[in-house]
file start_17.txt (compact mmCIF, C-alpha atoms)
# COMPACT_ATOMS: atom_id res chain seq x y z
CA ALA A 678 6.76 84.77 -181.82
CA ALA A 679 9.99 82.92 -182.60
CA TYR A 680 10.50 82.23 -178.90
CA GLU A 681 6.96 80.93 -178.42
CA GLU A 682 7.25 78.69 -181.48
CA THR A 683 10.60 77.28 -180.34
CA VAL A 684 9.28 76.57 -176.84
CA LYS A 685 6.19 74.89 -178.26
CA ASN A 686 8.31 72.63 -180.48
CA SER A 687 10.60 71.77 -177.56
CA GLY A 688 7.69 70.51 -175.47
CA LYS A 689 8.91 72.51 -172.47
CA LYS A 690 6.54 74.49 -170.25
CA PRO A 691 8.21 77.62 -168.82
CA ILE A 692 6.71 79.02 -165.61
CA THR A 693 8.65 82.29 -165.66
CA THR A 694 9.00 85.27 -167.96
CA PRO A 695 12.03 84.55 -170.16
CA GLU A 696 15.30 86.42 -169.98
CA PHE A 697 17.17 86.75 -173.27
CA ASN A 698 20.91 86.70 -173.86
CA PRO A 699 22.04 87.90 -177.31
CA ILE A 700 24.31 85.47 -179.16
CA SER A 701 24.48 87.26 -182.49
CA LEU A 702 22.91 90.58 -183.50
CA GLU A 703 24.45 91.13 -186.93
CA LYS A 704 22.93 93.67 -189.28
CA ASN A 705 20.75 92.28 -192.11
CA LYS A 706 20.84 88.81 -190.55
CA ASP A 707 18.49 86.93 -188.27
CA TRP A 708 19.32 87.52 -184.63
CA ALA A 709 20.38 84.58 -182.51
CA LEU A 710 19.14 84.74 -178.92
CA GLU A 711 19.44 82.44 -175.96
CA ALA A 712 16.33 82.25 -173.75
CA HIS A 713 16.55 81.43 -170.05
CA PHE A 714 13.50 80.32 -168.06
CA SER A 715 12.50 78.07 -165.17
CA LEU A 716 10.45 74.89 -165.40
CA ILE A 717 8.27 73.24 -162.79
CA PRO A 718 10.78 71.60 -160.43
CA GLU A 719 10.77 67.86 -159.89
CA VAL A 720 9.39 66.89 -156.49
CA LYS A 721 10.48 63.49 -155.25
CA LEU A 722 7.76 62.57 -152.81
CA GLY A 723 8.63 59.94 -150.26
CA ASP A 724 6.21 58.69 -147.63
CA TYR A 725 4.53 62.05 -147.09
CA LYS A 726 1.75 60.44 -145.07
CA LYS A 727 4.25 59.13 -142.53
CA VAL A 728 6.00 62.52 -142.42
CA THR A 729 2.64 64.28 -141.93
CA LYS A 730 1.59 61.97 -139.10
CA LYS A 731 4.94 62.55 -137.37
CA ALA A 732 4.45 66.32 -137.70
CA LYS A 733 0.97 66.07 -136.18
CA VAL A 734 2.35 64.15 -133.19
CA GLU A 735 4.85 66.98 -132.61
CA ALA A 736 2.08 69.55 -133.05
CA LEU A 737 -0.09 67.75 -130.48
CA LYS A 738 2.81 67.80 -128.05
CA PHE A 739 3.34 71.52 -128.65
CA ILE A 740 -0.38 72.27 -128.17
CA LYS A 741 -0.48 70.28 -124.93
CA GLU A 742 2.57 72.08 -123.55
CA ARG A 743 1.17 75.45 -124.57
CA ASN A 744 -2.19 74.81 -122.92
CA GLU A 745 -0.47 73.64 -119.74
CA ALA A 746 1.60 76.83 -119.73
CA ILE A 747 -1.60 78.89 -120.14
CA LYS A 748 -3.23 77.09 -117.18
CA LYS A 749 -0.13 77.71 -115.09
CA GLU A 750 -0.12 81.40 -115.98
CA ALA A 751 -3.82 81.64 -115.10
CA ALA A 752 -3.25 79.97 -111.71
CA GLU A 753 -0.33 82.26 -110.88
CA CYS A 754 -2.33 85.29 -111.96
CA LYS A 755 -5.28 84.21 -109.84
CA ASN A 756 -3.13 84.04 -106.73
CA GLN A 757 -1.89 87.57 -107.35
CA ASP A 758 -5.20 89.19 -108.37
CA LYS A 759 -8.33 87.32 -107.32
CA ALA A 760 -10.72 89.96 -108.66
CA HIS A 761 -9.49 89.56 -112.23
CA ASP A 762 -11.34 87.41 -114.80
CA HIS A 763 -8.57 84.87 -115.30
CA ALA A 764 -10.67 82.42 -117.32
CA GLN A 765 -11.23 85.08 -119.95
CA ALA A 766 -7.67 86.41 -119.94
CA HIS A 767 -5.97 83.00 -120.12
CA GLN A 768 -8.01 80.94 -122.56
CA GLU A 769 -6.61 77.72 -123.97
CA LEU A 770 -5.83 77.50 -127.67
CA THR A 771 -8.89 77.65 -129.92
CA GLU A 772 -9.63 75.12 -132.67
CA PRO A 773 -8.49 77.51 -135.46
CA GLU A 774 -5.26 78.10 -133.53
CA LYS A 775 -4.73 74.36 -133.14
CA LYS A 776 -5.34 73.88 -136.86
CA GLU A 777 -2.77 76.54 -137.71
CA ILE A 778 -0.20 74.97 -135.39
CA ASN A 779 -0.79 71.56 -137.00
CA LEU A 780 -0.35 73.04 -140.47
CA GLN A 781 2.85 74.88 -139.55
CA HIS A 782 4.37 71.67 -138.18
CA ILE A 783 3.26 69.75 -141.30
CA PHE A 784 4.69 72.41 -143.62
CA LYS A 785 8.00 72.41 -141.79
CA GLU A 786 8.39 68.62 -142.04
CA LEU A 787 7.29 68.44 -145.68
CA VAL A 788 9.83 71.07 -146.74
CA ALA A 789 12.56 69.49 -144.60
CA ASN A 790 11.99 66.09 -146.24
CA PHE A 791 10.95 66.81 -149.82
CA ALA A 792 12.17 70.33 -150.70
CA PRO A 793 12.62 70.55 -154.50
CA ALA A 794 15.39 72.58 -156.14
CA ILE A 795 13.96 75.95 -157.19
CA GLY A 796 15.26 77.58 -160.37
CA GLU A 797 17.34 80.70 -159.83
CA LEU A 798 15.26 82.76 -162.27
CA LEU A 799 11.98 81.76 -160.63
CA LEU A 800 13.34 82.62 -157.19
CA ARG A 801 14.68 85.96 -158.42
CA GLN A 802 11.46 86.98 -160.16
CA GLU A 803 9.24 85.90 -157.26
CA THR A 804 11.49 87.71 -154.76
CA GLN A 805 11.23 90.88 -156.86
CA THR A 806 7.43 90.54 -156.84
CA GLU A 807 7.48 90.09 -153.06
CA TYR A 808 9.68 93.19 -152.70
CA GLU A 809 7.30 95.27 -154.83
CA ARG A 810 4.36 94.05 -152.74
CA LEU A 811 6.18 95.12 -149.55
CA VAL A 812 6.93 98.57 -151.01
CA LYS A 813 3.24 99.06 -151.87
CA GLN A 814 2.23 98.06 -148.34
CA LEU A 815 4.70 100.54 -146.88
CA GLU A 816 3.39 103.29 -149.17
CA GLN A 817 -0.11 102.73 -147.78
CA TYR A 818 1.26 103.57 -144.33
CA LYS A 819 3.30 106.45 -145.79
CA ILE A 820 6.58 104.74 -144.88
CA SER A 821 9.50 104.90 -147.27
CA THR A 822 11.72 101.89 -147.90
CA GLU A 823 14.65 103.80 -146.38
CA ASP A 824 12.70 104.47 -143.15
CA TYR A 825 11.61 100.84 -142.99
CA LEU A 826 15.22 99.66 -143.27
CA LYS A 827 16.34 102.15 -140.60
CA ARG A 828 13.61 101.06 -138.19
CA ARG A 829 14.59 97.43 -138.60
CA GLN A 830 18.30 98.28 -138.62
CA ILE A 831 18.99 96.18 -141.72
CA SER A 832 20.46 96.86 -145.16
CA ILE A 833 18.70 96.41 -148.51
CA GLU A 834 20.91 93.34 -149.08
CA GLN A 835 19.74 91.81 -145.80
CA LEU A 836 16.12 92.54 -146.70
CA SER A 837 16.62 90.88 -150.10
CA GLN A 838 18.09 87.78 -148.46
CA GLU A 839 15.22 87.69 -145.97
CA LEU A 840 12.60 87.95 -148.71
CA ALA A 841 14.39 85.35 -150.84
CA GLY A 842 14.40 82.91 -147.91
CA THR A 843 10.67 83.41 -147.33
CA VAL A 844 9.88 83.07 -151.04
CA LEU A 845 12.03 79.94 -151.36
CA SER A 846 10.18 78.15 -148.55
CA ARG A 847 6.81 79.21 -149.98
CA LEU A 848 7.66 78.00 -153.47
CA GLN A 849 8.99 74.68 -152.20
CA LEU A 850 5.85 74.13 -150.13
CA ASP A 851 3.55 75.09 -153.02
CA PHE A 852 5.19 72.57 -155.36
CA ILE A 853 5.12 69.84 -152.69
CA LEU A 854 1.41 70.42 -152.03
CA ALA A 855 0.72 70.40 -155.78
CA GLU A 856 2.51 67.06 -156.09
CA ILE A 857 0.52 65.61 -153.18
CA SER A 858 -2.77 66.76 -154.74
CA LYS A 859 -1.68 65.04 -157.96
CA ALA A 860 -0.73 61.85 -156.12
CA GLU A 861 -4.11 61.84 -154.36
CA LYS A 862 -5.91 62.65 -157.65
CA LEU A 863 -7.64 65.66 -156.12
CA THR A 864 -9.60 67.86 -158.53
CA VAL A 865 -11.79 70.97 -158.51
CA THR A 866 -15.04 70.97 -160.51
CA ASP A 867 -16.55 73.91 -162.40
CA GLU A 868 -19.50 73.69 -160.02
CA GLU A 869 -17.21 74.25 -157.05
CA VAL A 870 -15.74 77.30 -158.77
CA LYS A 871 -19.25 78.67 -159.42
CA THR A 872 -20.16 78.13 -155.76
CA GLU A 873 -17.08 80.11 -154.75
CA LEU A 874 -18.05 82.93 -157.13
CA THR A 875 -21.50 83.22 -155.54
CA LYS A 876 -19.76 84.51 -152.40
CA ILE A 877 -19.07 87.75 -154.30
CA THR A 878 -22.15 89.85 -153.51
CA ASN A 879 -21.46 92.62 -156.03
CA LEU A 880 -23.12 91.23 -159.17
CA LYS A 881 -21.22 93.49 -161.58
CA VAL A 882 -17.87 92.53 -160.06
CA ARG A 883 -18.89 88.86 -160.13
CA ALA A 884 -19.88 89.07 -163.79
CA ASP A 885 -16.53 90.63 -164.68
CA LEU A 886 -14.55 88.04 -162.72
CA GLU A 887 -16.48 85.17 -164.31
CA LYS A 888 -14.84 86.23 -167.60
CA ASN A 889 -11.39 86.56 -166.08
CA ALA A 890 -9.54 83.30 -166.85
CA ARG A 891 -6.62 84.21 -164.58
CA TYR A 892 -8.95 84.82 -161.63
CA LEU A 893 -10.83 81.57 -162.25
CA ASN A 894 -7.56 79.64 -162.37
CA GLN A 895 -6.56 81.25 -159.06
CA ILE A 896 -9.85 80.13 -157.48
CA LYS A 897 -9.20 76.58 -158.71
CA ALA A 898 -5.68 76.65 -157.32
CA ASN A 899 -6.90 77.92 -153.94
CA LEU A 900 -9.67 75.32 -153.71
CA LEU A 901 -7.28 72.53 -154.70
CA GLN A 902 -4.78 73.60 -152.06
CA GLU A 903 -7.57 73.77 -149.47
CA LYS A 904 -8.56 70.20 -150.31
CA THR A 905 -4.95 69.10 -150.01
CA LEU A 906 -4.54 70.74 -146.60
CA ASN A 907 -7.77 69.18 -145.32
CA LEU A 908 -6.53 65.78 -146.49
CA LEU A 909 -3.23 66.21 -144.64
CA LEU A 910 -5.02 67.29 -141.47
CA GLN A 911 -7.17 64.15 -141.60
CA LEU A 912 -4.26 61.71 -141.94

call {"tool": "encode", "arguments": {"input": "start_17.txt", "output": "structure tokens"}}
result
Amino acid sequence: AAYEETVKNSGKKPITTPEFNPISLEKNKDWALEAHFSLIPEVKLGDYKKVTKKAKVEALKFIKERNEAIKKEAAECKNQDKAHDHAQAHQELTEPEKKEINLQHIFKELVANFAPAIGELLLRQETQTEYERLVKQLEQYKISTEDYLKRRQISIEQLSQELAGTVLSRLQLDFILAEISKAEKLTVTDEEVKTELTKITNLKVRADLEKNARYLNQIKANLLQEKTLNLLLQL
């Protein structure tokens, strides 16, 4: 309660669970504690529209080269085996695949140009969450963490560094996209959230989730990010 009151009075908005460092724990006296937490990082957006357009030009080039390579493979295959259905086996990139390539190029350029500094505590806590998620996935396939490390021929330290790198890029991108949505004044209405909820066919589950504030906030966040991505793709 003392922590929450102090944070409220400070006007700060922590986005991590706090870690406490004892300063003084004397008997019969109030304890003095130091709280450590991460705040939303500052994102200095430059001309993100220009950066996005540049990324899309590179993506278009990549798609063109990939499709030409597919055609070449199909032609070579046809010369070797004329009875084979080469049109089916060597299809050009689909629209969803092109969209994903465009997004990956955009993400890469946005992070390269506007990556915010991520707090150490936030990175550490999110990396731990990612590690726990991986362990649960492995358990579903009845694979121990030790076996997983052996199969990949890496140490637990290398895995931690790998996860931290992935989490860092994801966090940086999330904050950049959030800043863009703010700059573009994008919003999500309650009606849009309700429409999303109607996709849940199990009425009991839907009724329960309608009362779950955390789930509703996640829907809003997902819809807002979707709007932001669509905006970037249209630039």

call {"tool": "atom_distance", "arguments": {"input": "start_17.txt", "atom1": "atom CA of A:Pro695", "atom2": "atom CA of A:Phe714"}}
result
4.9 Å

call {"tool": "atom_distance", "arguments": {"input": "start_17.txt", "atom1": "atom CA of A:Asn907", "atom2": "atom CA of A:Arg883"}}
result
27.0 Å

call {"tool": "closest_residue", "arguments": {"input": "start_17.txt", "among": "A:Leu880, A:Ile896, A:Ile740, A:Val844", "to": "A:Thr771", "atoms": "only C-alpha atoms"}}
result
A:Ile740

call {"tool": "atom_distance", "arguments": {"input": "start_17.txt", "atom1": "atom CA of A:Ile857", "atom2": "atom CA of A:Thr875"}}
result
28.3 Å

call {"tool": "residues_around", "arguments": {"input": "start_17.txt", "residues": "stretch 788-794 of chain A", "least_positions_apart": "5", "cutoff": "10 Å", "atoms": "only C-alpha atoms", "output": "list in words"}}
result
Ile717, Pro718, Glu719, Val720, Lys721, Leu722, Gly723, Asp724, Tyr725, Val728, Ile783, Leu845, Ser846, Arg847, Leu848, Gln849, Leu850, Asp851, Phe852, Ile853 and Leu854 of chain A

call {"tool": "residues_around", "arguments": {"input": "start_17.txt", "residues": "A:Glu823", "least_positions_apart": "6", "cutoff": "12 Å", "atoms": "all atoms listed in the file", "output": "PyMOL selection string"}}
result
chain A and resi 812+815-816+829-833+836

call {"tool": "residues_around", "arguments": {"input": "start_17.txt", "residues": "A:Leu716", "least_positions_apart": "5", "cutoff": "8 Å", "atoms": "only C-alpha atoms", "output": "ChimeraX atom specification"}}
result
/A:689-693,796

call {"tool": "write_last_selection", "arguments": {"input": "start_17.txt", "atoms": "C-alpha atoms", "output": "short mmCIF file (atom, residue, chain, number, x, y, z; two decimals), in the frame of the given file"}}
result
data_model
loop_
_atom_site.label_atom_id
_atom_site.label_comp_id
_atom_site.auth_asym_id
_atom_site.auth_seq_id
_atom_site.Cartn_x
_atom_site.Cartn_y
_atom_site.Cartn_z
CA LYS A 689 8.91 72.51 -172.47
CA LYS A 690 6.54 74.49 -170.25
CA PRO A 691 8.21 77.62 -168.82
CA ILE A 692 6.71 79.02 -165.61
CA THR A 693 8.65 82.29 -165.66
CA GLY A 796 15.26 77.58 -160.37
#

call {"tool": "closest_residue", "arguments": {"input": "start_17.txt", "among": "A:Ala678, A:Ala736, A:Val865, A:Ala884", "to": "A:Lys776", "atoms": "only C-alpha atoms"}}
result
A:Ala736

call {"tool": "residues_around", "arguments": {"input": "start_17.txt", "residues": "A:Lys738", "least_positions_apart": "4", "cutoff": "12 Å", "atoms": "only C-alpha atoms", "output": "MDAnalysis selection string"}}
result
chainID A and resid 731:734 742:745 775 778:779 782
